[in-house]
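Printed here is start03.cif (mmCIF, C-alpha atoms):
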data_input
loop_
_atom_site.group_PDB
_atom_site.id
_atom_site.type_symbol
_atom_site.label_atom_id
_atom_site.label_comp_id
_atom_site.auth_asym_id
_atom_site.auth_seq_id
_atom_site.Cartn_x
_atom_site.Cartn_y
_atom_site.Cartn_z
ATOM 1 C CA MET A 15 0.000 0.000 0.000
ATOM 2 C CA ILE A 16 2.761 2.373 0.935
ATOM 3 C CA LEU A 17 4.622 1.442 -2.271
ATOM 4 C CA ILE A 18 1.559 2.245 -4.396
ATOM 5 C CA THR A 19 1.184 5.637 -2.690
ATOM 6 C CA LEU A 20 4.843 6.494 -3.330
ATOM 7 C CA LEU A 21 4.474 5.544 -6.988
ATOM 8 C CA MET A 22 1.439 7.810 -7.385
ATOM 9 C CA VAL A 23 3.271 10.741 -5.771
ATOM 10 C CA GLU A 24 6.220 10.203 -8.109
ATOM 11 C CA GLN A 25 3.939 10.133 -11.167
ATOM 12 C CA ARG A 26 2.277 13.376 -10.119
ATOM 13 C CA ARG A 27 5.691 14.990 -9.602
ATOM 14 C CA ASN A 28 6.836 13.900 -13.064
ATOM 15 C CA ALA A 29 3.582 15.166 -14.603
ATOM 16 C CA LEU A 30 4.084 18.534 -12.901
ATOM 17 C CA LYS A 31 7.653 18.756 -14.240
ATOM 18 C CA ARG A 32 6.447 17.996 -17.776
ATOM 19 C CA PHE A 33 3.740 20.654 -17.461
ATOM 20 C CA ILE A 34 6.267 23.271 -16.322
ATOM 21 C CA SER A 35 8.662 22.315 -19.145
ATOM 22 C CA VAL A 36 5.937 22.601 -21.777
ATOM 23 C CA THR A 37 4.803 25.971 -20.383
ATOM 24 C CA ILE A 38 8.338 27.407 -20.442
ATOM 25 C CA ALA A 39 8.890 26.129 -23.983
ATOM 26 C CA SER A 40 5.636 27.737 -25.124
ATOM 27 C CA LEU A 41 6.635 31.077 -23.634
ATOM 28 C CA LEU A 42 10.036 30.940 -25.313
ATOM 29 C CA LEU A 43 8.470 30.138 -28.676
ATOM 30 C CA SER A 44 6.016 33.012 -28.290
ATOM 31 C CA ALA A 45 8.856 35.407 -27.529
ATOM 32 C CA CYS A 46 10.777 34.217 -30.581
ATOM 33 C CA ALA A 47 7.702 34.610 -32.749
ATOM 34 C CA TYR A 48 7.170 38.184 -31.467
ATOM 35 C CA ASP A 49 10.796 39.040 -32.179
ATOM 36 C CA SER A 50 10.454 37.562 -35.663
ATOM 37 C CA PHE A 51 7.361 39.531 -36.600
ATOM 38 C CA HIS A 52 7.954 42.727 -34.584
ATOM 39 C CA TYR A 53 11.676 43.297 -34.991
ATOM 40 C CA PRO A 54 12.725 46.940 -34.580
ATOM 41 C CA ASP A 55 14.405 48.103 -37.765
ATOM 42 C CA LYS A 56 16.199 51.407 -38.246
ATOM 43 C CA ASN A 57 13.019 53.080 -39.454
ATOM 44 C CA SER A 58 10.581 51.762 -36.886
ATOM 45 C CA ASN A 59 12.142 52.100 -33.430
ATOM 46 C CA SER A 60 10.353 54.524 -31.149
ATOM 47 C CA ARG A 61 13.280 56.896 -30.711
ATOM 48 C CA THR A 62 13.796 57.272 -34.452
ATOM 49 C CA ASN A 63 10.088 57.738 -35.116
ATOM 50 C CA ALA A 64 9.755 60.346 -32.397
ATOM 51 C CA SER A 65 12.647 62.372 -33.774
ATOM 52 C CA SER A 66 11.688 62.038 -37.440
ATOM 53 C CA ARG A 67 7.973 62.825 -37.294
ATOM 54 C CA PRO A 68 6.868 66.155 -38.751
ATOM 55 C CA GLN A 69 7.025 68.575 -35.875
ATOM 56 C CA VAL A 70 7.803 72.162 -34.941
ATOM 57 C CA THR A 71 11.494 72.345 -34.040
ATOM 58 C CA PRO A 72 12.247 73.746 -30.565
ATOM 59 C CA MET A 73 13.879 77.170 -30.607
ATOM 60 C CA PRO A 74 17.707 77.042 -30.368
ATOM 61 C CA ALA A 75 19.147 78.306 -27.090
ATOM 62 C CA THR A 76 21.015 80.996 -29.012
ATOM 63 C CA GLY A 77 17.886 82.097 -30.846
ATOM 64 C CA ILE A 78 19.851 81.899 -34.096
ATOM 65 C CA HIS A 79 19.557 79.553 -37.070
ATOM 66 C CA LYS A 80 22.593 79.023 -39.298
ATOM 67 C CA VAL A 81 21.518 78.802 -42.915
ATOM 68 C CA GLN A 82 22.267 75.500 -44.641
ATOM 69 C CA SER A 83 22.430 74.892 -48.371
ATOM 70 C CA GLY A 84 18.885 74.601 -49.719
ATOM 71 C CA ASP A 85 17.260 76.627 -46.918
ATOM 72 C CA THR A 86 14.766 79.362 -47.665
ATOM 73 C CA LEU A 87 13.466 81.986 -45.265
ATOM 74 C CA PHE A 88 9.990 80.460 -45.582
ATOM 75 C CA ALA A 89 11.285 76.982 -44.705
ATOM 76 C CA ILE A 90 13.213 78.283 -41.691
ATOM 77 C CA ALA A 91 10.192 80.137 -40.335
ATOM 78 C CA PHE A 92 8.010 77.088 -41.051
ATOM 79 C CA GLN A 93 10.454 74.833 -39.212
ATOM 80 C CA TYR A 94 10.197 76.857 -35.992
ATOM 81 C CA GLY A 95 6.518 77.743 -36.288
ATOM 82 C CA LEU A 96 7.231 81.435 -36.888
ATOM 83 C CA ASP A 97 5.790 84.105 -39.164
ATOM 84 C CA TYR A 98 8.250 84.540 -42.044
ATOM 85 C CA ARG A 99 7.430 88.262 -42.180
ATOM 86 C CA LYS A 100 8.577 88.778 -38.595
ATOM 87 C CA VAL A 101 11.757 86.771 -39.181
ATOM 88 C CA ALA A 102 12.484 88.827 -42.298
ATOM 89 C CA ALA A 103 11.881 92.103 -40.480
ATOM 90 C CA LEU A 104 14.012 90.992 -37.543
ATOM 91 C CA ASN A 105 16.937 90.348 -39.863
ATOM 92 C CA LYS A 106 16.223 93.286 -42.217
ATOM 93 C CA ILE A 107 15.736 90.985 -45.208
ATOM 94 C CA ASP A 108 13.551 92.423 -47.934
ATOM 95 C CA SER A 109 11.464 90.557 -50.492
ATOM 96 C CA PRO A 110 12.251 88.215 -52.268
ATOM 97 C CA TYR A 111 13.929 87.125 -49.003
ATOM 98 C CA VAL A 112 17.235 85.903 -50.422
ATOM 99 C CA ILE A 113 19.500 84.196 -47.872
ATOM 100 C CA TYR A 114 22.906 82.529 -48.126
ATOM 101 C CA PRO A 115 24.610 79.428 -46.653
ATOM 102 C CA ASN A 116 26.267 80.058 -43.256
ATOM 103 C CA GLN A 117 24.238 83.249 -42.788
ATOM 104 C CA LYS A 118 22.965 83.622 -39.220
ATOM 105 C CA ILE A 119 19.232 84.214 -39.006
ATOM 106 C CA ARG A 120 17.960 85.633 -35.730
ATOM 107 C CA LEU A 121 14.680 84.022 -34.704
ATOM 108 C CA ILE A 122 13.807 85.981 -31.562
ATOM 109 C CA GLY A 123 14.700 89.226 -29.874
ATOM 110 C CA LYS A 124 15.655 92.590 -31.269
ATOM 111 C CA ARG A 125 18.342 92.938 -33.867
ATOM 112 C CA LYS A 126 21.312 94.877 -32.517
ATOM 113 C CA ALA A 127 22.385 97.858 -34.581
ATOM 114 C CA LEU A 128 25.835 97.401 -36.093
ATOM 115 C CA THR A 129 28.280 100.242 -35.489
ATOM 116 C CA LYS A 130 31.117 100.787 -37.926
ATOM 117 C CA THR A 131 34.420 102.141 -36.710
ATOM 118 C CA THR A 132 36.443 104.224 -39.164
ATOM 119 C CA PRO A 133 40.144 105.020 -38.617
ATOM 120 C CA PRO A 134 41.026 108.713 -38.124
ATOM 121 C CA GLN A 135 42.098 110.431 -41.312
ATOM 122 C CA LYS A 136 45.097 112.720 -41.590
ATOM 123 C CA THR A 137 44.481 116.284 -42.741
ATOM 124 C CA VAL A 138 46.553 117.264 -45.749
ATOM 125 C CA LYS A 139 46.961 120.830 -46.936
ATOM 126 C CA PRO A 140 45.731 121.226 -50.516
ATOM 127 C CA SER A 141 48.386 122.183 -53.057
ATOM 128 C CA LYS A 142 47.995 124.792 -55.800
ATOM 129 C CA THR A 143 47.285 122.032 -58.333
ATOM 130 C CA THR A 144 44.552 120.641 -56.086
ATOM 131 C CA LYS A 145 42.932 124.059 -55.790
ATOM 132 C CA GLN A 146 42.905 124.464 -59.553
ATOM 133 C CA THR A 147 41.406 121.012 -60.044
ATOM 134 C CA ALA A 148 38.754 121.720 -57.450
ATOM 135 C CA SER A 149 37.768 125.008 -59.066
ATOM 136 C CA SER A 150 37.545 123.434 -62.521
ATOM 137 C CA SER A 151 35.421 120.557 -61.211
ATOM 138 C CA THR A 152 33.107 123.082 -59.570
ATOM 139 C CA LYS A 153 32.581 124.807 -62.900
ATOM 140 C CA ALA A 154 31.957 121.504 -64.615
ATOM 141 C CA SER A 155 29.352 120.523 -62.040
ATOM 142 C CA SER A 156 27.545 123.839 -62.476
ATOM 143 C CA ASN A 157 27.411 123.232 -66.210
ATOM 144 C CA VAL A 158 25.999 119.738 -65.668
ATOM 145 C CA LYS A 159 23.082 121.227 -63.728
ATOM 146 C CA ASN A 160 22.007 123.145 -66.792
ATOM 147 C CA VAL A 161 22.065 120.043 -69.017
ATOM 148 C CA LYS A 162 18.779 118.166 -69.344
ATOM 149 C CA LYS A 163 18.912 114.580 -68.128
ATOM 150 C CA VAL A 164 18.376 112.189 -71.026
ATOM 151 C CA ASN A 165 19.814 108.897 -69.771
ATOM 152 C CA SER A 166 18.179 108.691 -66.359
ATOM 153 C CA ALA A 167 17.171 105.126 -65.529
ATOM 154 C CA LYS A 168 13.481 104.464 -65.188
ATOM 155 C CA LYS A 169 12.219 102.491 -62.214
ATOM 156 C CA LEU A 170 11.089 99.087 -63.343
ATOM 157 C CA PRO A 171 8.078 97.451 -61.715
ATOM 158 C CA SER A 172 8.995 94.819 -59.144
ATOM 159 C CA ASN A 173 8.390 91.157 -59.958
ATOM 160 C CA ASN A 174 7.993 90.358 -56.263
ATOM 161 C CA LYS A 175 4.465 91.608 -55.689
ATOM 162 C CA LYS A 176 2.791 90.730 -52.427
ATOM 163 C CA ILE A 177 -0.004 88.205 -52.700
ATOM 164 C CA THR A 178 -2.835 89.959 -50.900
ATOM 165 C CA LYS A 179 -5.729 88.085 -52.490
ATOM 166 C CA LYS A 180 -7.950 86.302 -50.009
ATOM 167 C CA VAL A 181 -8.160 82.515 -50.222
ATOM 168 C CA GLU A 182 -11.769 82.204 -51.299
ATOM 169 C CA LYS A 183 -11.878 78.454 -51.853
ATOM 170 C CA TRP A 184 -9.856 75.543 -50.513
ATOM 171 C CA LEU A 185 -9.507 72.119 -52.119
ATOM 172 C CA TRP A 186 -8.405 68.808 -50.655
ATOM 173 C CA PRO A 187 -4.792 67.947 -51.619
ATOM 174 C CA VAL A 188 -5.634 64.256 -52.169
ATOM 175 C CA ASP A 189 -8.696 62.033 -52.005
ATOM 176 C CA GLY A 190 -8.540 59.768 -48.997
ATOM 177 C CA LYS A 191 -9.343 59.170 -45.363
ATOM 178 C CA VAL A 192 -7.727 61.197 -42.567
ATOM 179 C CA ILE A 193 -5.965 58.582 -40.450
ATOM 180 C CA ARG A 194 -4.176 60.939 -38.046
ATOM 181 C CA GLY A 195 -5.566 64.238 -36.809
ATOM 182 C CA PHE A 196 -4.126 67.588 -35.787
ATOM 183 C CA SER A 197 -2.455 68.019 -32.404
ATOM 184 C CA SER A 198 -1.678 71.333 -30.720
ATOM 185 C CA SER A 199 0.220 69.935 -27.730
ATOM 186 C CA GLY A 200 3.978 70.438 -27.400
ATOM 187 C CA VAL A 201 6.060 70.050 -30.538
ATOM 188 C CA SER A 202 4.011 67.154 -31.871
ATOM 189 C CA SER A 203 2.624 66.883 -35.382
ATOM 190 C CA LYS A 204 0.954 70.087 -36.514
ATOM 191 C CA GLY A 205 -1.019 68.673 -39.415
ATOM 192 C CA ILE A 206 -3.055 65.722 -40.611
ATOM 193 C CA ASP A 207 -2.153 62.459 -42.343
ATOM 194 C CA ILE A 208 -4.297 61.448 -45.314
ATOM 195 C CA LYS A 209 -4.302 57.925 -46.732
ATOM 196 C CA GLY A 210 -4.145 58.156 -50.517
ATOM 197 C CA THR A 211 -3.798 55.994 -53.609
ATOM 198 C CA LYS A 212 -0.474 54.895 -55.061
ATOM 199 C CA GLY A 213 0.643 56.955 -58.030
ATOM 200 C CA HIS A 214 -1.893 59.739 -57.468
ATOM 201 C CA HIS A 215 -0.842 63.384 -57.633
ATOM 202 C CA VAL A 216 -0.782 65.752 -54.675
ATOM 203 C CA LYS A 217 -2.709 68.914 -55.626
ATOM 204 C CA ALA A 218 -2.389 72.548 -54.531
ATOM 205 C CA VAL A 219 -5.242 73.427 -52.171
ATOM 206 C CA ALA A 220 -5.384 77.024 -53.426
ATOM 207 C CA ASP A 221 -3.606 79.473 -55.738
ATOM 208 C CA GLY A 222 -0.109 80.506 -54.681
ATOM 209 C CA ILE A 223 3.644 80.428 -55.199
ATOM 210 C CA VAL A 224 6.040 77.583 -54.396
ATOM 211 C CA VAL A 225 8.369 78.972 -51.737
ATOM 212 C CA TYR A 226 10.067 75.685 -50.858
ATOM 213 C CA ALA A 227 10.608 72.406 -52.692
ATOM 214 C CA GLY A 228 13.171 70.048 -51.207
ATOM 215 C CA SER A 229 14.072 67.617 -48.449
ATOM 216 C CA GLY A 230 16.027 69.767 -46.007
ATOM 217 C CA LEU A 231 13.513 69.791 -43.127
ATOM 218 C CA ILE A 232 13.925 66.815 -40.789
ATOM 219 C CA GLY A 233 10.833 64.642 -40.539
ATOM 220 C CA TYR A 234 9.093 65.961 -43.667
ATOM 221 C CA GLY A 235 10.808 63.962 -46.390
ATOM 222 C CA LYS A 236 10.345 65.555 -49.809
ATOM 223 C CA LEU A 237 8.399 68.676 -48.930
ATOM 224 C CA VAL A 238 6.573 71.389 -50.876
ATOM 225 C CA ILE A 239 5.466 74.660 -49.245
ATOM 226 C CA ILE A 240 3.025 76.997 -50.984
ATOM 227 C CA LYS A 241 2.505 80.653 -50.064
ATOM 228 C CA HIS A 242 -1.138 81.531 -50.749
ATOM 229 C CA ASN A 243 -1.060 85.113 -49.479
ATOM 230 C CA GLU A 244 0.529 87.138 -46.692
ATOM 231 C CA ILE A 245 -1.351 85.059 -44.114
ATOM 232 C CA TYR A 246 -1.563 81.432 -45.247
ATOM 233 C CA LEU A 247 1.018 78.787 -46.133
ATOM 234 C CA SER A 248 0.318 75.121 -46.881
ATOM 235 C CA ALA A 249 2.772 72.226 -46.710
ATOM 236 C CA TYR A 250 2.771 68.809 -48.394
ATOM 237 C CA ALA A 251 5.166 66.209 -46.947
ATOM 238 C CA TYR A 252 6.363 62.620 -47.589
ATOM 239 C CA ASN A 253 6.178 62.954 -51.380
ATOM 240 C CA GLU A 254 7.680 60.311 -53.621
ATOM 241 C CA ARG A 255 8.622 62.875 -56.262
ATOM 242 C CA ILE A 256 8.295 66.677 -56.446
ATOM 243 C CA LEU A 257 6.904 68.065 -59.704
ATOM 244 C CA VAL A 258 7.311 71.820 -59.121
ATOM 245 C CA LYS A 259 10.157 74.268 -58.552
ATOM 246 C CA GLU A 260 10.612 77.150 -56.145
ATOM 247 C CA GLN A 261 9.116 80.492 -57.260
ATOM 248 C CA GLN A 262 6.713 78.672 -59.566
ATOM 249 C CA SER A 263 3.138 79.996 -59.601
ATOM 250 C CA VAL A 264 0.422 77.377 -59.151
ATOM 251 C CA ARG A 265 -3.359 77.362 -59.333
ATOM 252 C CA ALA A 266 -5.736 75.454 -57.081
ATOM 253 C CA GLY A 267 -5.810 71.841 -58.232
ATOM 254 C CA ASP A 268 -2.406 71.917 -59.962
ATOM 255 C CA SER A 269 -0.175 68.888 -59.393
ATOM 256 C CA LEU A 270 2.671 69.494 -56.950
ATOM 257 C CA ALA A 271 4.062 66.017 -56.379
ATOM 258 C CA ILE A 272 3.415 62.287 -56.518
ATOM 259 C CA ILE A 273 2.125 60.917 -53.241
ATOM 260 C CA GLY A 274 4.651 58.951 -51.230
ATOM 261 C CA GLY A 275 4.611 57.994 -47.584
ATOM 262 C CA LYS A 276 6.861 56.822 -44.795
ATOM 263 C CA GLY A 277 7.840 53.335 -43.690
ATOM 264 C CA SER A 278 4.849 51.035 -43.915
ATOM 265 C CA GLU A 279 2.441 53.976 -44.132
ATOM 266 C CA LYS A 280 2.186 54.218 -47.906
ATOM 267 C CA PRO A 281 0.700 55.848 -49.821
ATOM 268 C CA LEU A 282 0.219 58.739 -47.391
ATOM 269 C CA LEU A 283 0.322 62.543 -47.398
ATOM 270 C CA HIS A 284 1.165 64.669 -44.377
ATOM 271 C CA PHE A 285 -0.548 68.041 -44.840
ATOM 272 C CA GLU A 286 -0.197 71.238 -42.798
ATOM 273 C CA VAL A 287 -1.587 74.773 -42.867
ATOM 274 C CA ARG A 288 0.086 77.775 -41.239
ATOM 275 C CA LYS A 289 -1.723 81.042 -40.476
ATOM 276 C CA ASP A 290 0.588 83.954 -39.640
ATOM 277 C CA GLY A 291 3.279 81.343 -39.035
ATOM 278 C CA GLN A 292 1.209 79.369 -36.516
ATOM 279 C CA PRO A 293 -0.029 75.821 -37.205
ATOM 280 C CA VAL A 294 -3.800 75.553 -37.530
ATOM 281 C CA ASN A 295 -6.026 72.528 -37.948
ATOM 282 C CA PRO A 296 -6.342 71.942 -41.725
ATOM 283 C CA LEU A 297 -9.840 70.513 -41.203
ATOM 284 C CA ASN A 298 -10.969 74.006 -40.173
ATOM 285 C CA VAL A 299 -10.135 75.435 -43.608
ATOM 286 C CA LEU A 300 -10.622 72.477 -45.954
ATOM 287 C CA PRO A 301 -14.161 71.887 -47.277
ATOM 288 C CA LYS A 302 -16.322 69.497 -45.296
ATOM 289 C CA ARG A 303 -16.655 65.980 -46.687
#
Render the structure in this file as structure tokens.
Amino acid sequence: MILITLLMVEQRRNALKRFISVTIASLLLSACAYDSFHYPDKNSNSRTNASSRPQVTPMPATGIHKVQSGDTLFAIAFQYGLDYRKVAALNKIDSPYVIYPNQKIRLIGKRKALTKTTPPQKTVKPSKTTKQTASSSTKASSNVKNVKKVNSAKKLPSNNKKITKKVEKWLWPVDGKVIRGFSSSGVSSKGIDIKGTKGHHVKAVADGIVVYAGSGLIGYGKLVIIKHNEIYLSAYAYNERILVKEQQSVRAGDSLAIIGGKGSEKPLLHFEVRKDGQPVNPLNVLPKR
């Protein structure tokens, strides 16, 4: 009887060991399967995604941006969520807002007035020859006053007219569902993500001028920025291919690029609208659907 009891206890102990072994093996296999199907590649880890999403860049501690090749004043202001007009005024840059690589653009604060120091000049007594030359030049200048100007240059009209026309009608940049909405918290995304169709063209939402077309802004991929007037800008990010050039005039509905995307989110368009330099919810200006 005692022997039978001991045998039963031993069988239960062996059964428990087998159960534990099977459970551990199952957990290990599950972990391997997760690693196989959810491996973090260079484009999908959380740190990379957080740093490469479209977002307003925090202001540098110095308050100064050093111009890189390909930068435009509009793109710099867009990057920091600023009004390009204020940035231009702060740095005394007139239209058409030409900037140069390595130029320092002040983003905040008042621009300090530059004072030029000139070395003291020695006084030299004029000679007789100098006096004669001076008197003859005086006579010549008096004669010039009496001559009618015939070769005076005429002022040519500027090609850089301000776009003051109100945006009367907005269009959707692509047909598709909004899969990520606008966020106004922190430096997070300041636009919307629209799921599109592969190969389709990204369209201008209103008339305007292309003020940026490139890939110099981190987190936006191939980006196009349109200036619609002195108030509104629109931005189209993650394009596969850009079809327009900077300073090109576009009409509402014109093709700007071929829709692209990022990572596994393809085809997709990231779209933003800025009003006086500040991000606004595009759904508040786009027509209701």
Please check which residues have atoms at most 7 Å from (5.2, 79.6, -48.9) in the file's coordinates, counting all atoms listed in the file, and write them as a PDB file with C-alpha atoms, keeping the file's coordinate frame.
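Output (out-v7.pdb):
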ATOM      1  CA  PHE A  88       9.990  80.460 -45.582  1.00  0.00           C
ATOM      2  CA  ILE A 223       3.644  80.428 -55.199  1.00  0.00           C
ATOM      3  CA  VAL A 224       6.040  77.583 -54.396  1.00  0.00           C
ATOM      4  CA  VAL A 225       8.369  78.972 -51.737  1.00  0.00           C
ATOM      5  CA  TYR A 226      10.067  75.685 -50.858  1.00  0.00           C
ATOM      6  CA  ILE A 239       5.466  74.660 -49.245  1.00  0.00           C
ATOM      7  CA  ILE A 240       3.025  76.997 -50.984  1.00  0.00           C
ATOM      8  CA  LYS A 241       2.505  80.653 -50.064  1.00  0.00           C
ATOM      9  CA  HIS A 242      -1.138  81.531 -50.749  1.00  0.00           C
ATOM     10  CA  LEU A 247       1.018  78.787 -46.133  1.00  0.00           C
ATOM     11  CA  SER A 248       0.318  75.121 -46.881  1.00  0.00           C
TER      12      SER A 248
END
In terms of the shortest atom-to-atom distance over all atoms listed in the file, which of A:Ile206, A:Leu231, A:Val258, A:Ala103 is closest to Arg120 (chain A)?
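Smallest separation from Arg120 (chain A) among the options: A:Ala103.
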Given all atoms listed in the file as the basis, pick out the residue of A:Gly267, A:Gly275, A:Pro110, A:Gly77 nearest to Lys236 (chain A).
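Of A:Gly267, A:Gly275, A:Pro110, A:Gly77, the one nearest Lys236 (chain A), counting all atoms listed in the file, is A:Gly275.
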Within 10 Å of (1.2, 58.3, -57.7) (file coordinates; only C-alpha atoms), which protein or nucleic acid residues are there? I'd like them as a PyMOL selection string.
chain A and resi 210-216+253-255+271-274+281
Between CA of Ile113 (chain A) and CA of Asp97 (chain A) - distance in Å to one decimal
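So the two atoms, CA of Asp97 (chain A) and CA of Ile113 (chain A), lie 16.2 Å apart.
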For CA of Gly277 (chain A) and CA of Ser197 (chain A), determine how far apart the two atoms are, in Å to one decimal place.
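Atom-to-atom, CA of Gly277 (chain A) and CA of Ser197 (chain A) are spaced 21.2 Å apart.
We find CA of Pro115 (chain A) and CA of Leu87 (chain A) to be spaced 11.5 Å apart.
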Answer key for the PyMOL selection byres ((chain A and resi 289-291) around 8), residues as a list in words:
Ala91, Phe92, Gly95, Leu96, Asp97, Tyr98, Glu244, Ile245, Tyr246, Leu247, Val287, Arg288, Gln292, Pro293 and Val294 of chain A
In terms of the shortest atom-to-atom distance over all atoms listed in the file, which of A:Ala218, A:Leu297, A:Ile232, A:Ala75 is closest to Phe196 (chain A)?
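The answer is A:Leu297, which sits nearest to Phe196 (chain A).
The smallest atom-to-atom distance between Trp184 (chain A) and any of A:Tyr94, A:Pro74, A:Leu257, A:Gly222, using all atoms listed in the file, is found for A:Gly222.
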Give as a list in words the residues that the PyMOL selection byres ((chain A and resi 112) around 12) matches when applied to the coordinates above.
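So the PyMOL selection byres ((chain A and resi 112) around 12) ends up selecting Val81, Gly84, Asp85, Thr86, Leu87, Phe88, Ala102, Asn105, Lys106, Ile107, Asp108, Ser109, Pro110, Tyr111, Ile113, Tyr114, Pro115, Gln117, Ile119, Asn174, Val225 and Gln261 of chain A.
The result of the PyMOL selection byres ((chain A and resi 182) around 12) on the shown file is Thr178, Lys179, Lys180, Val181, Lys183, Trp184, Leu185, Val219, Ala220, Asp221, His242, Asn243, Tyr246, Ala266, Val299, Leu300 and Pro301 of chain A.
Between Ala227 (chain A) and the residues A:Thr71, A:Gln262, A:Gln93, A:Asn298, the shortest atom-to-atom distance, using only C-alpha atoms, involves A:Gln262.
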With all atoms listed in the file as the basis for distance, which of A:His284, A:Lys276, A:Arg99, A:Lys259 is at the shortest distance from Val192 (chain A)?
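Checking each of A:His284, A:Lys276, A:Arg99, A:Lys259 against Val192 (chain A), counting all atoms listed in the file, the winner is A:His284.
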